[in-house]
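Trainee: Got a structure here, written out as structure tokens. Questions coming.
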Amino acid sequence: MKFNSKYLPIIIGATFALGTVVGSLMNAPADDQLLAKNYSKTKLNKLIDFINNEYVDSINTDSIVNLTVDNILSKLDPHSVYIPPSEQAEVAESMKGDFVGIGINFYMYKDSVAIIKPIENGPSAKAGLKSGDRILFAGKTKLYGRKLPSDSLFSKLKGLQGSEIELTVFRKSEQKKLKFKVKRDVIPIKSVDASLLIGNNVGYIKINRFAETTFNEFKTGLTRLKQKGIQSLVIDLRDNGGGYMEEAIAIADEFLEDKQLIVFTKSKNGSIDKTFATKAGSFETGKVYVLINENSASASEILAGAIQDNDRGTIVGRRSFGKGLVQREMDFNDGSAVRLTVARYYTPTGRSIQKPYKKGNEDYFKESESRIATGELYAKDSIKVADSLKFKTPKGKIVYGGGGIVPDVFVPMEAEHGNENVGYLLQTGIVGHFVFEELDKNRNAFEGDNFNTFLAKMKNSDVYFKKFKNYILMTGLDLKLDKTKALVNRHITAEFARQLFGELYYYDVILKDDAMIKTILNPKK
């Protein structure tokens, strides 16, 4: 992602990584006695040496350098950031799309590692572990009765592919301890959550981020849906904060004709790099809908912008986040990295959708919150657009730059005005934890149910809604759940479906009354 003064941050980054010359940029006076191996030390380097060699107390100078790096980057733009070694490995793993482990979804429930659900066909599922099992020991390492951070737990359960680990678990349903030998294997981290039919000849694909494997996952899902005869496709980019722009570009190419412009970038020195569609598109004629909301950003906006500006499909939802900067990741020797803004990107009509950030990072990231106050999340007329940033698509449709993608078809938030926090709460993990704890009390309550029986049982009862209300009150939150009862019930039912039957059943429930999906399947005439 980028900054007007492009080379300055690059030089600063190189200084921290390699100790190269910065000279007057850092206002460092020349000192012949400190020259070594043809490298000049900057004022910062000197200060660190002074602290190491002369300061009265022992100080971890690495932490000082990290703070300095953070401070420098905070003066650039909101998306130029430093990633410490402790976080970089996890970030890289997530974007790579897989890791080697035992294949479980878990969380710390009270004082133990509780398995929410073993990953289907993963090592733990094959070994016989079940939902609700508590992992007591990994090898000889005790995991219960301790406040272990997630990264420590992951390190105990990860290892080399093919390596074996013995897990001691407590199975509540049988009231006994059991031992399992689990052979670690590659576990995919999916960036495409679901690909399924949602109506007559209408396909649906949900993308949660753009990682290294996203295009391949998407193409697999699209191919499967085409075999089922879809004529329309819904691409769900809601709450997708972005990732690798190359993956978004590859997906856009599936829908655009040869030589249609997908996106172009412009660097500080004015060089422009244009990316065009190829002949390889496999869905160039069917209807396309793209779902976005206020948390759809970066690569999501590149894909939505390419579809909108080429008059290829319909953008449905609410105005997207507004991130039009391109970052490049630069690694340091200690395992950390800096993600530096190096260019701006523009949609095919030439618009930048980057929102202003001159008032500082805090104001920038809270801008989405201000949309509640302005009423923008409930009425398209409340979206502020500047006539000076008006652009026109090839078919004459007016689109705007200056802060996100404005949808062609506006759909307000489902939680009513003044009760937005309920909607945001339902997107967190709290519903999943609540459902797990309810199942943990009595898994036999759903024993033998098929999906339709389960749906009927949930539809005819308010038991779990009332329990969830109490659960939320116990956390100290005071929310008006009764005003959004239908929405809350849908999320609770969907989460039960996920934990009992699998991921696709979650979407079967959650999409049935989804406002954006209903707008597409039942358009107003």
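Naming works like this for the structure tokens: A, B, ... for the chains as they're shown, residue 1 at the start of each chain, ligands 1 onward in shown order.
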DSSP on the backbone: which residues in segment 226-292 of chain A end up as strand (DSSP E)? Give the answer as a PyMOL selection string.

Mentor: chain A and resi 232-236+261-266+272-276+287-292

Trainee: I'd like the neighbourhood of segment 480-496 of chain A as a tab-separated table (two decimals) with all heavy atoms, in the first residue's frame, where a residue qualifies if any of its atoms comes within 6 Å (using only C-alpha atoms), though same-chain residues fewer than 3 positions away should be ignored.

Mentor:
chain	number	residue	atom	x	y	z
A	499	GLN	N	-22.31	-26.86	14.10
A	499	GLN	CA	-21.63	-27.75	15.04
A	499	GLN	C	-22.19	-29.17	15.03
A	499	GLN	O	-21.48	-30.13	15.32
A	499	GLN	CB	-21.68	-27.16	16.45
A	499	GLN	CG	-20.87	-25.87	16.57
A	499	GLN	CD	-20.67	-25.40	17.99
A	499	GLN	OE1	-20.64	-26.20	18.92
A	499	GLN	NE2	-20.54	-24.09	18.17
A	500	LEU	N	-23.46	-29.31	14.65
A	500	LEU	CA	-24.06	-30.64	14.61
A	500	LEU	C	-23.90	-31.34	13.26
A	500	LEU	O	-23.67	-32.55	13.21
A	500	LEU	CB	-25.56	-30.53	14.93
A	500	LEU	CG	-25.95	-30.23	16.37
A	500	LEU	CD1	-27.42	-29.89	16.47
A	500	LEU	CD2	-25.62	-31.42	17.28
A	506	TYR	N	-24.74	-24.57	8.05
A	506	TYR	CA	-24.77	-23.22	8.62
A	506	TYR	C	-25.30	-22.24	7.57
A	506	TYR	O	-26.19	-21.43	7.84
A	506	TYR	CB	-23.37	-22.81	9.06
A	506	TYR	CG	-23.23	-21.36	9.43
A	506	TYR	CD1	-23.50	-20.93	10.73
A	506	TYR	CD2	-22.85	-20.41	8.49
A	506	TYR	CE1	-23.39	-19.59	11.07
A	506	TYR	CE2	-22.73	-19.06	8.82
A	506	TYR	CZ	-23.01	-18.66	10.11
A	506	TYR	OH	-22.90	-17.33	10.44
A	509	VAL	N	-29.00	-22.38	6.67
A	509	VAL	CA	-29.87	-21.66	7.60
A	509	VAL	C	-29.69	-20.15	7.50
A	509	VAL	O	-30.65	-19.39	7.39
A	509	VAL	CB	-29.60	-22.12	9.06
A	509	VAL	CG1	-30.41	-21.27	10.04
A	509	VAL	CG2	-29.93	-23.58	9.23
A	510	ILE	N	-28.45	-19.70	7.53
A	510	ILE	CA	-28.17	-18.27	7.66
A	510	ILE	C	-28.60	-17.48	6.43
A	510	ILE	O	-28.97	-16.31	6.51
A	510	ILE	CB	-26.68	-18.02	7.97
A	510	ILE	CG1	-26.50	-16.70	8.74
A	510	ILE	CG2	-25.83	-18.02	6.73
A	510	ILE	CD1	-27.01	-16.72	10.13

Trainee: Find, counting only C-alpha atoms, the residue in A:Leu473, A:Ile207, A:Val288, A:Leu197 that gets nearest to Leu237 of chain A.

Mentor: A:Ile207

Trainee: Go through A:Ile315, A:Ile83, A:Leu160, A:Leu76 one by one, measure the shortest atom-to-atom distance of each to Val338 of chain A using only C-alpha atoms, and give the residue with the smallest value.

Mentor: A:Ile83

Trainee: Pick out the residues sitting within 10 Å of Gly162 of chain A, and hand them over as a list in words; count only C-alpha atoms, and ignore anything fewer than 5 positions along from it in its own chain.

Mentor: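 Surrounding residues, per the criterion: Val100, Gly101, Val182, Lys183, Arg184, Asp185 and Val186 of chain A.
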
Trainee: Hey, what's within 7 Å of Gly305 of chain A if we count only C-alpha atoms and toss same-chain stuff fewer than 3 positions away? As a compact mmCIF listing (two decimals) with N, CA and C atoms, in the first residue's frame, please?

Mentor:
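Wrote part_3.txt, looks like this:
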# COMPACT_ATOMS: atom_id res chain seq x y z
N GLU A 301 -12.64 -4.82 -2.73
CA GLU A 301 -13.07 -3.65 -3.48
C GLU A 301 -12.51 -3.66 -4.90
N ILE A 302 -11.36 -4.27 -5.08
CA ILE A 302 -10.81 -4.42 -6.44
C ILE A 302 -11.74 -5.30 -7.28
N GLN A 308 -18.27 -3.78 -11.31
CA GLN A 308 -19.15 -2.62 -11.45
C GLN A 308 -18.74 -1.73 -12.62
N ASP A 309 -17.47 -1.43 -12.73
CA ASP A 309 -17.00 -0.49 -13.75
C ASP A 309 -17.06 -1.05 -15.16
N THR A 347 -9.90 1.76 -10.03
CA THR A 347 -10.84 0.87 -10.72
C THR A 347 -10.80 1.20 -12.22
N ILE A 405 -16.79 1.53 -2.44
CA ILE A 405 -17.66 1.21 -3.57
C ILE A 405 -19.11 1.41 -3.11

Trainee: For segment 168-172 of chain A, work out the shell of residues within 7 Å, counting only C-alpha atoms and skipping chain neighbours fewer than 2 positions away, then give it as a list of chain:residue names.

Mentor: A:Asp133, A:Arg134, A:Ile135, A:Leu136, A:Phe137, A:Ala138, A:Glu166, A:Glu174, A:Gln175, A:Lys176, A:Lys177, A:Leu178, A:Lys179, A:Phe180

Trainee: Take the residues from that selection and put them in a file with N, CA, C and O atoms, as a compact mmCIF listing (two decimals), in the first residue's frame.

Mentor:
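This is the output file out-v2.txt:
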# COMPACT_ATOMS: atom_id res chain seq x y z
N ASP A 133 -14.94 -33.37 23.37
CA ASP A 133 -13.78 -33.94 24.06
C ASP A 133 -12.90 -32.83 24.63
O ASP A 133 -12.73 -31.78 24.00
N ARG A 134 -12.35 -33.08 25.83
CA ARG A 134 -11.36 -32.17 26.41
C ARG A 134 -9.98 -32.79 26.27
O ARG A 134 -9.78 -33.95 26.66
N ILE A 135 -9.05 -32.01 25.74
CA ILE A 135 -7.68 -32.52 25.64
C ILE A 135 -6.97 -32.23 26.95
O ILE A 135 -6.76 -31.07 27.31
N LEU A 136 -6.60 -33.28 27.67
CA LEU A 136 -5.95 -33.13 28.96
C LEU A 136 -4.43 -33.06 28.83
O LEU A 136 -3.77 -32.24 29.49
N PHE A 137 -3.87 -33.92 27.97
CA PHE A 137 -2.43 -33.96 27.77
C PHE A 137 -2.11 -34.07 26.29
O PHE A 137 -2.80 -34.76 25.54
N ALA A 138 -1.08 -33.36 25.85
CA ALA A 138 -0.49 -33.54 24.52
C ALA A 138 0.88 -34.15 24.77
O ALA A 138 1.80 -33.48 25.23
N GLU A 166 0.49 -38.29 21.01
CA GLU A 166 -0.51 -39.00 21.80
C GLU A 166 -1.32 -37.98 22.61
O GLU A 166 -0.76 -37.18 23.35
N GLU A 174 -19.09 -40.22 28.02
CA GLU A 174 -18.78 -41.55 28.54
C GLU A 174 -18.15 -41.51 29.93
O GLU A 174 -17.92 -42.55 30.55
N GLN A 175 -17.88 -40.27 30.40
CA GLN A 175 -17.27 -40.08 31.72
C GLN A 175 -16.00 -40.93 31.89
O GLN A 175 -15.80 -41.61 32.89
N LYS A 176 -15.12 -40.83 30.88
CA LYS A 176 -13.87 -41.59 30.98
C LYS A 176 -12.75 -40.91 30.21
O LYS A 176 -12.98 -40.10 29.30
N LYS A 177 -11.52 -41.24 30.60
CA LYS A 177 -10.35 -40.76 29.89
C LYS A 177 -10.01 -41.74 28.78
O LYS A 177 -10.10 -42.96 28.95
N LEU A 178 -9.60 -41.18 27.65
CA LEU A 178 -9.23 -42.00 26.49
C LEU A 178 -7.92 -41.49 25.91
O LEU A 178 -7.61 -40.30 26.02
N LYS A 179 -7.17 -42.37 25.28
CA LYS A 179 -5.92 -41.97 24.63
C LYS A 179 -6.02 -42.24 23.13
O LYS A 179 -6.53 -43.27 22.70
N PHE A 180 -5.52 -41.26 22.36
CA PHE A 180 -5.55 -41.37 20.90
C PHE A 180 -4.17 -41.01 20.35
O PHE A 180 -3.56 -40.04 20.81

Trainee: Just to confirm, what's the straight-line distance from atom CA of Val431 of chain A to atom CA of Tyr464 of chain A in Å (one decimal)?

Mentor: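 The value is 11.0 Å.
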
Trainee: Excluding segment 360-370 of chain A and any residue of its chain fewer than 2 positions from it, enumerate the residues within 10 Å of it, using only C-alpha atoms, and give them as a PyMOL selection string.

Mentor: chain A and resi 74-79+294-295+319-322+355-358+372-377

Trainee: I'd like the neighbourhood of segment 392-403 of chain A as an NGL selection string, where a residue qualifies if any of its atoms comes within 7 Å (using only C-alpha atoms), though same-chain residues fewer than 3 positions away should be ignored.

Mentor: :A and (309-311 or 322 or 349 or 351-355 or 385 or 389)

Trainee: Could you tell me how far atom CA of Phe446 of chain A sits from atom CA of Phe465 of chain A, in Å to one decimal place?

Mentor: 16.9 Å

Trainee: Looking at only C-alpha atoms, which of A:Ala445, A:Ile292, A:Leu504, A:Ala337 is the one that sits closest to Met413 of chain A?

Mentor: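 Selected residue with least distance to Met413 of chain A: A:Ile292.
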
Trainee: As number ranges by chain, list the residues of segment 413-489 of chain A assigned to alpha helix (DSSP H) by DSSP on the backbone atoms of this structure.

Mentor: A: 420-425, 430-441, 451-459, 463-474, 485-489

Trainee: How about saving the chosen residues, C-alpha atoms kept, as a PDB file, in the first residue's frame?

Mentor:
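Now in result29.pdb:
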ATOM      1  CA  GLU A 420     -26.419  -2.096  15.600  1.00  0.00           C
ATOM      2  CA  ASN A 421     -24.318  -3.660  18.342  1.00  0.00           C
ATOM      3  CA  VAL A 422     -26.485  -6.763  18.221  1.00  0.00           C
ATOM      4  CA  GLY A 423     -25.630  -7.262  14.556  1.00  0.00           C
ATOM      5  CA  TYR A 424     -21.919  -6.839  15.232  1.00  0.00           C
ATOM      6  CA  LEU A 425     -22.065  -9.138  18.274  1.00  0.00           C
ATOM      7  CA  ILE A 430     -19.729 -15.551  21.158  1.00  0.00           C
ATOM      8  CA  VAL A 431     -22.601 -17.379  19.449  1.00  0.00           C
ATOM      9  CA  GLY A 432     -20.313 -20.324  18.700  1.00  0.00           C
ATOM     10  CA  HIS A 433     -19.185 -20.515  22.320  1.00  0.00           C
ATOM     11  CA  PHE A 434     -22.763 -20.311  23.582  1.00  0.00           C
ATOM     12  CA  VAL A 435     -23.889 -23.110  21.279  1.00  0.00           C
ATOM     13  CA  PHE A 436     -20.945 -25.312  22.233  1.00  0.00           C
ATOM     14  CA  GLU A 437     -21.709 -24.887  25.927  1.00  0.00           C
ATOM     15  CA  GLU A 438     -25.379 -25.710  25.383  1.00  0.00           C
ATOM     16  CA  LEU A 439     -24.501 -28.835  23.413  1.00  0.00           C
ATOM     17  CA  ASP A 440     -21.964 -29.750  26.042  1.00  0.00           C
ATOM     18  CA  LYS A 441     -24.701 -29.837  28.690  1.00  0.00           C
ATOM     19  CA  PHE A 451     -31.454 -31.827   9.569  1.00  0.00           C
ATOM     20  CA  ASN A 452     -35.175 -31.343   8.955  1.00  0.00           C
ATOM     21  CA  THR A 453     -36.071 -32.694  12.392  1.00  0.00           C
ATOM     22  CA  PHE A 454     -33.511 -30.363  13.917  1.00  0.00           C
ATOM     23  CA  LEU A 455     -34.960 -27.337  12.062  1.00  0.00           C
ATOM     24  CA  ALA A 456     -38.477 -28.134  13.224  1.00  0.00           C
ATOM     25  CA  LYS A 457     -37.264 -28.493  16.801  1.00  0.00           C
ATOM     26  CA  MET A 458     -35.494 -25.127  16.721  1.00  0.00           C
ATOM     27  CA  LYS A 459     -38.358 -23.333  14.977  1.00  0.00           C
ATOM     28  CA  VAL A 463     -35.608 -21.982  24.766  1.00  0.00           C
ATOM     29  CA  TYR A 464     -32.243 -21.129  23.270  1.00  0.00           C
ATOM     30  CA  PHE A 465     -33.141 -17.517  22.580  1.00  0.00           C
ATOM     31  CA  LYS A 466     -33.993 -17.055  26.268  1.00  0.00           C
ATOM     32  CA  LYS A 467     -30.814 -18.831  27.313  1.00  0.00           C
ATOM     33  CA  PHE A 468     -28.759 -16.671  24.985  1.00  0.00           C
ATOM     34  CA  LYS A 469     -30.271 -13.530  26.500  1.00  0.00           C
ATOM     35  CA  ASN A 470     -29.142 -14.692  29.937  1.00  0.00           C
ATOM     36  CA  TYR A 471     -25.755 -15.678  28.549  1.00  0.00           C
ATOM     37  CA  ILE A 472     -25.235 -12.163  27.179  1.00  0.00           C
ATOM     38  CA  LEU A 473     -26.383 -10.556  30.431  1.00  0.00           C
ATOM     39  CA  MET A 474     -23.782 -12.613  32.309  1.00  0.00           C
ATOM     40  CA  LYS A 485     -35.286 -11.729  17.915  1.00  0.00           C
ATOM     41  CA  ALA A 486     -35.665 -13.208  14.435  1.00  0.00           C
ATOM     42  CA  LEU A 487     -32.088 -12.263  13.515  1.00  0.00           C
ATOM     43  CA  VAL A 488     -30.660 -13.643  16.765  1.00  0.00           C
ATOM     44  CA  ASN A 489     -32.632 -16.874  16.447  1.00  0.00           C
TER      45      ASN A 489
END

Trainee: Using only C-alpha atoms, can you tell me which of A:Lys181, A:Ser195, A:Ser173, A:Asp334 comes closest to Lys226 of chain A?

Mentor: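 Distance minimum relative to Lys226 of chain A lands on A:Ser195.
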
Trainee: When you count only C-alpha atoms, which of these residues is closest to Phe283 of chain A: A:Glu90, A:Asp236, A:Glu257, A:Glu503?

Mentor: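 When distances to Phe283 of chain A are compared using only C-alpha atoms, the smallest one comes from A:Glu257.
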